[in-house]
file data_10.txt (compact mmCIF, N, CA and C atoms)
# COMPACT_ATOMS: atom_id res chain seq x y z
N MET A 1 -9.35 10.29 1.34
CA MET A 1 -8.42 9.94 0.28
C MET A 1 -9.14 9.02 -0.70
N ASN A 2 -9.02 9.31 -1.98
CA ASN A 2 -9.68 8.43 -2.95
C ASN A 2 -8.75 7.27 -3.34
N LYS A 3 -9.35 6.28 -3.97
CA LYS A 3 -8.60 5.06 -4.28
C LYS A 3 -7.47 5.31 -5.26
N GLU A 4 -7.68 6.20 -6.23
CA GLU A 4 -6.64 6.46 -7.23
C GLU A 4 -5.40 7.08 -6.58
N THR A 5 -5.62 8.03 -5.68
CA THR A 5 -4.49 8.64 -4.97
C THR A 5 -3.77 7.60 -4.13
N LEU A 6 -4.53 6.77 -3.46
CA LEU A 6 -3.93 5.73 -2.63
C LEU A 6 -3.12 4.76 -3.48
N LEU A 7 -3.63 4.41 -4.65
CA LEU A 7 -2.88 3.52 -5.54
C LEU A 7 -1.56 4.15 -5.98
N ASP A 8 -1.57 5.45 -6.23
CA ASP A 8 -0.32 6.15 -6.58
C ASP A 8 0.67 6.08 -5.43
N ILE A 9 0.19 6.28 -4.21
CA ILE A 9 1.06 6.23 -3.03
C ILE A 9 1.61 4.82 -2.85
N ILE A 10 0.75 3.81 -3.06
CA ILE A 10 1.18 2.41 -2.95
C ILE A 10 2.28 2.11 -3.96
N GLU A 11 2.10 2.54 -5.19
CA GLU A 11 3.12 2.28 -6.22
C GLU A 11 4.44 2.98 -5.89
N ALA A 12 4.36 4.20 -5.37
CA ALA A 12 5.58 4.91 -4.99
C ALA A 12 6.29 4.19 -3.85
N LYS A 13 5.53 3.73 -2.86
CA LYS A 13 6.13 3.02 -1.73
C LYS A 13 6.72 1.69 -2.19
N ARG A 14 6.06 1.02 -3.12
CA ARG A 14 6.59 -0.25 -3.65
C ARG A 14 7.93 -0.02 -4.35
N THR A 15 8.01 1.06 -5.11
CA THR A 15 9.26 1.39 -5.79
C THR A 15 10.36 1.71 -4.78
N GLU A 16 10.01 2.48 -3.75
CA GLU A 16 10.98 2.79 -2.70
C GLU A 16 11.47 1.51 -2.04
N LEU A 17 10.56 0.61 -1.74
CA LEU A 17 10.93 -0.66 -1.10
C LEU A 17 11.88 -1.45 -1.98
N LEU A 18 11.57 -1.55 -3.26
CA LEU A 18 12.45 -2.29 -4.16
C LEU A 18 13.84 -1.68 -4.22
N ASN A 19 13.92 -0.36 -4.26
CA ASN A 19 15.22 0.31 -4.30
C ASN A 19 16.01 0.07 -3.01
N VAL A 20 15.34 0.19 -1.88
CA VAL A 20 16.00 -0.02 -0.59
C VAL A 20 16.45 -1.48 -0.46
N ALA A 21 15.60 -2.41 -0.86
CA ALA A 21 15.95 -3.83 -0.78
C ALA A 21 17.13 -4.15 -1.68
N PHE A 22 17.15 -3.54 -2.86
CA PHE A 22 18.27 -3.78 -3.78
C PHE A 22 19.58 -3.26 -3.19
N GLU A 23 19.52 -2.08 -2.57
CA GLU A 23 20.72 -1.45 -2.02
C GLU A 23 21.17 -2.08 -0.70
N ASN A 24 20.20 -2.44 0.15
CA ASN A 24 20.52 -2.85 1.53
C ASN A 24 20.15 -4.28 1.87
N GLY A 25 19.46 -4.97 1.00
CA GLY A 25 19.02 -6.33 1.27
C GLY A 25 17.59 -6.36 1.81
N LEU A 26 16.93 -7.47 1.55
CA LEU A 26 15.51 -7.60 1.95
C LEU A 26 15.30 -7.60 3.45
N THR A 27 16.31 -8.01 4.19
CA THR A 27 16.14 -8.10 5.65
C THR A 27 16.73 -6.91 6.39
N SER A 28 17.12 -5.87 5.65
CA SER A 28 17.65 -4.68 6.32
C SER A 28 16.53 -3.99 7.10
N PRO A 29 16.87 -3.32 8.17
CA PRO A 29 15.84 -2.62 8.95
C PRO A 29 15.01 -1.64 8.12
N LEU A 30 15.65 -0.94 7.19
CA LEU A 30 14.92 0.02 6.37
C LEU A 30 13.96 -0.70 5.41
N ALA A 31 14.40 -1.81 4.83
CA ALA A 31 13.52 -2.57 3.94
C ALA A 31 12.32 -3.12 4.72
N ILE A 32 12.55 -3.57 5.92
CA ILE A 32 11.45 -4.08 6.75
C ILE A 32 10.48 -2.94 7.08
N GLU A 33 11.01 -1.77 7.40
CA GLU A 33 10.16 -0.61 7.70
C GLU A 33 9.30 -0.25 6.48
N TYR A 34 9.92 -0.19 5.31
CA TYR A 34 9.18 0.15 4.10
C TYR A 34 8.14 -0.93 3.78
N SER A 35 8.50 -2.18 4.01
CA SER A 35 7.57 -3.27 3.77
C SER A 35 6.35 -3.16 4.68
N GLN A 36 6.58 -2.81 5.93
CA GLN A 36 5.48 -2.63 6.87
C GLN A 36 4.60 -1.45 6.47
N GLU A 37 5.20 -0.38 6.00
CA GLU A 37 4.43 0.78 5.52
C GLU A 37 3.58 0.38 4.31
N LEU A 38 4.17 -0.39 3.41
CA LEU A 38 3.43 -0.86 2.24
C LEU A 38 2.27 -1.76 2.67
N ASP A 39 2.50 -2.62 3.63
CA ASP A 39 1.42 -3.47 4.15
C ASP A 39 0.27 -2.63 4.69
N ARG A 40 0.59 -1.58 5.45
CA ARG A 40 -0.45 -0.71 6.00
C ARG A 40 -1.24 -0.03 4.88
N LEU A 41 -0.54 0.43 3.86
CA LEU A 41 -1.22 1.06 2.72
C LEU A 41 -2.12 0.08 1.98
N LEU A 42 -1.63 -1.14 1.80
CA LEU A 42 -2.44 -2.16 1.12
C LEU A 42 -3.66 -2.53 1.95
N ASN A 43 -3.51 -2.60 3.26
CA ASN A 43 -4.65 -2.88 4.13
C ASN A 43 -5.67 -1.76 4.05
N LEU A 44 -5.21 -0.52 4.01
CA LEU A 44 -6.11 0.61 3.88
C LEU A 44 -6.85 0.54 2.55
N TYR A 45 -6.15 0.20 1.49
CA TYR A 45 -6.80 0.06 0.18
C TYR A 45 -7.87 -1.03 0.23
N ASP A 46 -7.55 -2.15 0.85
CA ASP A 46 -8.54 -3.23 0.98
C ASP A 46 -9.78 -2.75 1.73
N GLU A 47 -9.57 -2.00 2.81
CA GLU A 47 -10.71 -1.48 3.58
C GLU A 47 -11.57 -0.57 2.71
N LEU A 48 -10.94 0.31 1.95
CA LEU A 48 -11.69 1.21 1.07
C LEU A 48 -12.45 0.42 0.00
N HIS A 49 -11.80 -0.59 -0.54
CA HIS A 49 -12.42 -1.41 -1.58
C HIS A 49 -13.62 -2.17 -1.02
N ILE A 50 -13.48 -2.73 0.16
CA ILE A 50 -14.58 -3.46 0.79
C ILE A 50 -15.74 -2.52 1.08
N GLN A 51 -15.43 -1.32 1.58
CA GLN A 51 -16.49 -0.35 1.85
C GLN A 51 -17.22 0.03 0.58
N SER A 52 -16.49 0.22 -0.51
CA SER A 52 -17.15 0.60 -1.76
C SER A 52 -18.00 -0.55 -2.29
N LEU A 53 -17.58 -1.78 -2.09
CA LEU A 53 -18.38 -2.93 -2.52
C LEU A 53 -19.68 -3.02 -1.70
N LYS A 54 -19.58 -2.74 -0.41
CA LYS A 54 -20.76 -2.78 0.44
C LYS A 54 -21.76 -1.71 0.02
N LYS A 55 -21.27 -0.53 -0.37
CA LYS A 55 -22.16 0.54 -0.82
C LYS A 55 -22.87 0.13 -2.10
N VAL A 56 -22.17 -0.54 -2.99
CA VAL A 56 -22.77 -0.97 -4.25
C VAL A 56 -23.84 -2.03 -3.98
N GLN A 57 -23.60 -2.93 -3.04
CA GLN A 57 -24.54 -3.99 -2.74
C GLN A 57 -25.81 -3.45 -2.08
N VAL A 58 -25.69 -2.36 -1.30
CA VAL A 58 -26.83 -1.79 -0.62
C VAL A 58 -27.76 -1.11 -1.60
N LYS A 59 -27.21 -0.51 -2.65
CA LYS A 59 -28.01 0.24 -3.63
C LYS A 59 -28.88 -0.64 -4.45
call {"tool": "encode", "arguments": {"input": "data_10.txt", "output": "structure tokens"}}
result
Amino acid sequence: MNKETLLDIIEAKRTELLNVAFENGLTSPLAIEYSQELDRLLNLYDELHIQSLKKVQVK
């Protein structure tokens, strides 16, 4: 998965989280689930970003 695609997925998940939180509250089980999914996506993005930085430093 490339970074641009991942960023699109992150933005979509962020929008979903905001909608769910608005409808059900920030502490609703669904909002917590979406927040955890967003966290996983952001961690994956960080890993990809760190890997790309390491590749640039090696060159």
call {"tool": "atom_distance", "arguments": {"input": "data_10.txt", "atom1": "CA of Phe22 in chain A", "atom2": "atom C of Ser35 in chain A"}}
result
14.6 Å
call {"tool": "residues_around", "arguments": {"input": "data_10.txt", "residues": "range 6-19 of chain A", "least_positions_apart": "6", "cutoff": "8 Å", "atoms": "all atoms listed in the file", "output": "list of chain:residue names"}}
result
A:Gly25, A:Leu30, A:Ala31, A:Ile32, A:Glu33, A:Tyr34, A:Ser35, A:Glu37, A:Leu38, A:Leu41, A:Leu42, A:Leu44, A:Tyr45
call {"tool": "atom_distance", "arguments": {"input": "data_10.txt", "atom1": "atom C of Lys3 in chain A", "atom2": "atom N of Val20 in chain A"}}
result
23.6 Å
call {"tool": "atom_distance", "arguments": {"input": "data_10.txt", "atom1": "CA of Glu47 in chain A", "atom2": "CA of Ser28 in chain A"}}
result
28.7 Å
